[in-house]
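K.L.:
After the C-alpha cells below, expect a handful of questions from me.
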Amino acid sequence: MNKVATSVHNCLIALEEMRSATLRNHDAGVAAICAALCRGMGIQSGLAVKLSFAAGMHDIGKVVIPDAIINKPAPLNTTEQKVMRRHPMMGFNILRNFGDDALKLAANAALYHHECWDGSGYPTRLSGTAIPLEARIVAICDVYHALREPRSYRAALSHDDVMGMILGGDGSDRLHPGKFDPAVLDSFRASAHGIQDAFESTL
C-alpha cells in the first residue's frame, strides 16, 4: 500500500477508535474475514490486499453518525435507522476524492456494501453485477461479522448458526441467500473454516 493510502487509513482508524471501539473492532474483523474469503476465491494477492484494506474502512461513514445512535445499547427505532442508513454515502464522500486505487475500492465498498444481489438493498438499489465486486465481497463478510459479534441487546451467534442463516436464510426477507452474489456465496461456503478462523483471530 502506498504512503497516501496508508496515511489516510491510519488517520481514519484513529478517528474510528475515538468514536467507538465497537465500530473499529467491526471494521477490523470484516477486513480479516475478507482476506480469508479472497484466498478462498483465488483472488491474486495484490488485489486481495487492497480488498481487505477496503473492507477495513467499509463503515467509516459511521464516524459522522451521532453518538446516541452508533452507541445505542438497544435496537434502533425507525427514525434512527433512517439516519444510520446515511453512512454508506457519508463513507463514500470521505474516501472518494483520493486518486489511489486502494482508496477507490474503499470508497466503492463504503457506498455499496448494503446493496443486495436481488436489488433489495440501499442506498441505490443496485442489483447483480451492477454492484462492484468489492462491495459484493464486503457485504457477506459484514453480515457474518455483525451476527457473530455480541450486541448489548442480544448474544453473539455461533459460527454454525450464522453460516446456516447466510446460506439458508433466517425465515424472513431480511436475510436470505438471494441477497448475495451466488459465486461469492459459493466461495463463502467453501471457505467456512477459514472464515471462522479469521473471525476468531480478531477476538
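Note on naming: chains are A, B, ... as they come in the C-alpha cells, residues start from 1 per chain, ligands start from 1 in the order shown.
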Tell me, counting only C-alpha atoms, for each residue of stretch 29-71 of chain A within 12 Å of stretch 135-158 of chain A, which pair of atoms is nearest and how far apart they are in Å to one decimal, in rows ordered by chain and increasing number, as CSV.
P.N.:
residue,atom,partner,partner_atom,distance
A:Gly29,CA,A:His145,CA,6.7
A:Val30,CA,A:Cys141,CA,5.7
A:Ala31,CA,A:Cys141,CA,8.1
A:Ala32,CA,A:Cys141,CA,9.0
A:Ile33,CA,A:Cys141,CA,6.0
A:Cys34,CA,A:Cys141,CA,6.0
A:Ala35,CA,A:Cys141,CA,9.7
A:Ala36,CA,A:Cys141,CA,9.7
A:Leu37,CA,A:Ile137,CA,7.9
A:Cys38,CA,A:Ile137,CA,8.3
A:Arg39,CA,A:Ile137,CA,11.9
A:Gly40,CA,A:Ile137,CA,11.6
A:Met41,CA,A:Ile137,CA,10.0
A:Ile43,CA,A:Ile137,CA,11.3
A:Ala48,CA,A:Ile137,CA,10.8
A:Lys50,CA,A:Val138,CA,11.9
A:Leu51,CA,A:Val138,CA,8.3
A:Ser52,CA,A:Val138,CA,8.6
A:Phe53,CA,A:Val138,CA,10.7
A:Ala54,CA,A:Val138,CA,8.4
A:Ala55,CA,A:Val138,CA,5.8
A:Gly56,CA,A:Val138,CA,9.3
A:Met57,CA,A:Val138,CA,10.2
A:His58,CA,A:Val138,CA,7.7
A:Asp59,CA,A:Asp142,CA,9.5
A:Ile70,CA,A:Arg151,CA,11.8
A:Asn71,CA,A:Ser152,CA,9.7
K.L.:
Limited to C-alpha atoms, could you put the picked residues into a file as a compact mmCIF listing (two decimals), in the first residue's frame?
P.N.:
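What follows is the written file result.txt:
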# COMPACT_ATOMS: atom_id res chain seq x y z
CA GLY A 29 -12.89 -8.04 11.82
CA VAL A 30 -14.54 -7.62 8.43
CA ALA A 31 -11.12 -6.93 6.91
CA ALA A 32 -9.75 -10.19 8.33
CA ILE A 33 -12.75 -12.17 7.06
CA CYS A 34 -12.45 -10.52 3.65
CA ALA A 35 -8.82 -11.63 3.43
CA ALA A 36 -9.85 -15.22 4.15
CA LEU A 37 -12.64 -15.09 1.57
CA CYS A 38 -10.30 -13.63 -1.06
CA ARG A 39 -7.96 -16.57 -0.53
CA GLY A 40 -10.87 -18.95 -0.99
CA MET A 41 -11.88 -17.15 -4.19
CA ILE A 43 -8.02 -13.63 -5.91
CA ALA A 48 -6.69 -9.30 -2.14
CA LYS A 50 -6.45 -3.94 -1.50
CA LEU A 51 -9.85 -5.58 -0.95
CA SER A 52 -9.04 -6.34 2.68
CA PHE A 53 -7.83 -2.77 3.10
CA ALA A 54 -11.13 -1.52 1.64
CA ALA A 55 -13.15 -3.83 3.88
CA GLY A 56 -11.40 -2.35 6.90
CA MET A 57 -12.99 1.03 6.17
CA HIS A 58 -16.40 -0.02 4.87
CA ASP A 59 -18.26 1.57 7.80
CA ILE A 70 -23.90 4.41 16.90
CA ASN A 71 -23.52 3.60 20.60
K.L.:
Near stretch 123-132 of chain A, counting only C-alpha atoms, which residues have an atom at most 8 Å away, once you skip same-chain residues fewer than 2 positions from it, shown as a list of chain:residue names?
P.N.:
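Using only C-alpha atoms, the neighbours found are A:Arg85, A:Arg86, A:Pro88, A:Met89, A:Asn108, A:Ala109, A:Leu111, A:Tyr112, A:His114, A:Glu115, A:Cys116, A:Trp117, A:Asp118, A:Gly119, A:Ser120, A:Gly121, A:Glu134, A:Ala135, A:Arg136, A:Asp181.
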K.L.:
What gap, in Å, lies between atom CA of A:His176 and atom CA of A:Asp160?
P.N.:
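So the answer is 15.5 Å.
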K.L.:
Which parts of chain A does DSSP call alpha helix (DSSP H) when run on the backbone here, written out as a ChimeraX atom specification?
P.N.:
/A:3-19,21-41,45-55,67-70,78-84,87-95,101-112,133-148,159-168,182-190,192-201
K.L.:
For each of A:Ala14, A:Ser20, A:His113, A:Gly46, take the minimum atom-to-atom distance to A:Ala68, counting only C-alpha atoms, then give the residue where this is smallest.
P.N.:
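For A:Ala68, the nearest of the given residues is A:Ser20.
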K.L.:
Separation of atom CA of A:Gly194 and atom CA of A:Lys179, in Å?
P.N.:
21.8 Å
K.L.:
In Å, with one decimal, what is the gap from atom CA of A:Gln81 to atom CA of A:Asp67?
P.N.:
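Atom-to-atom, atom CA of A:Gln81 to atom CA of A:Asp67, that is 13.5 Å.
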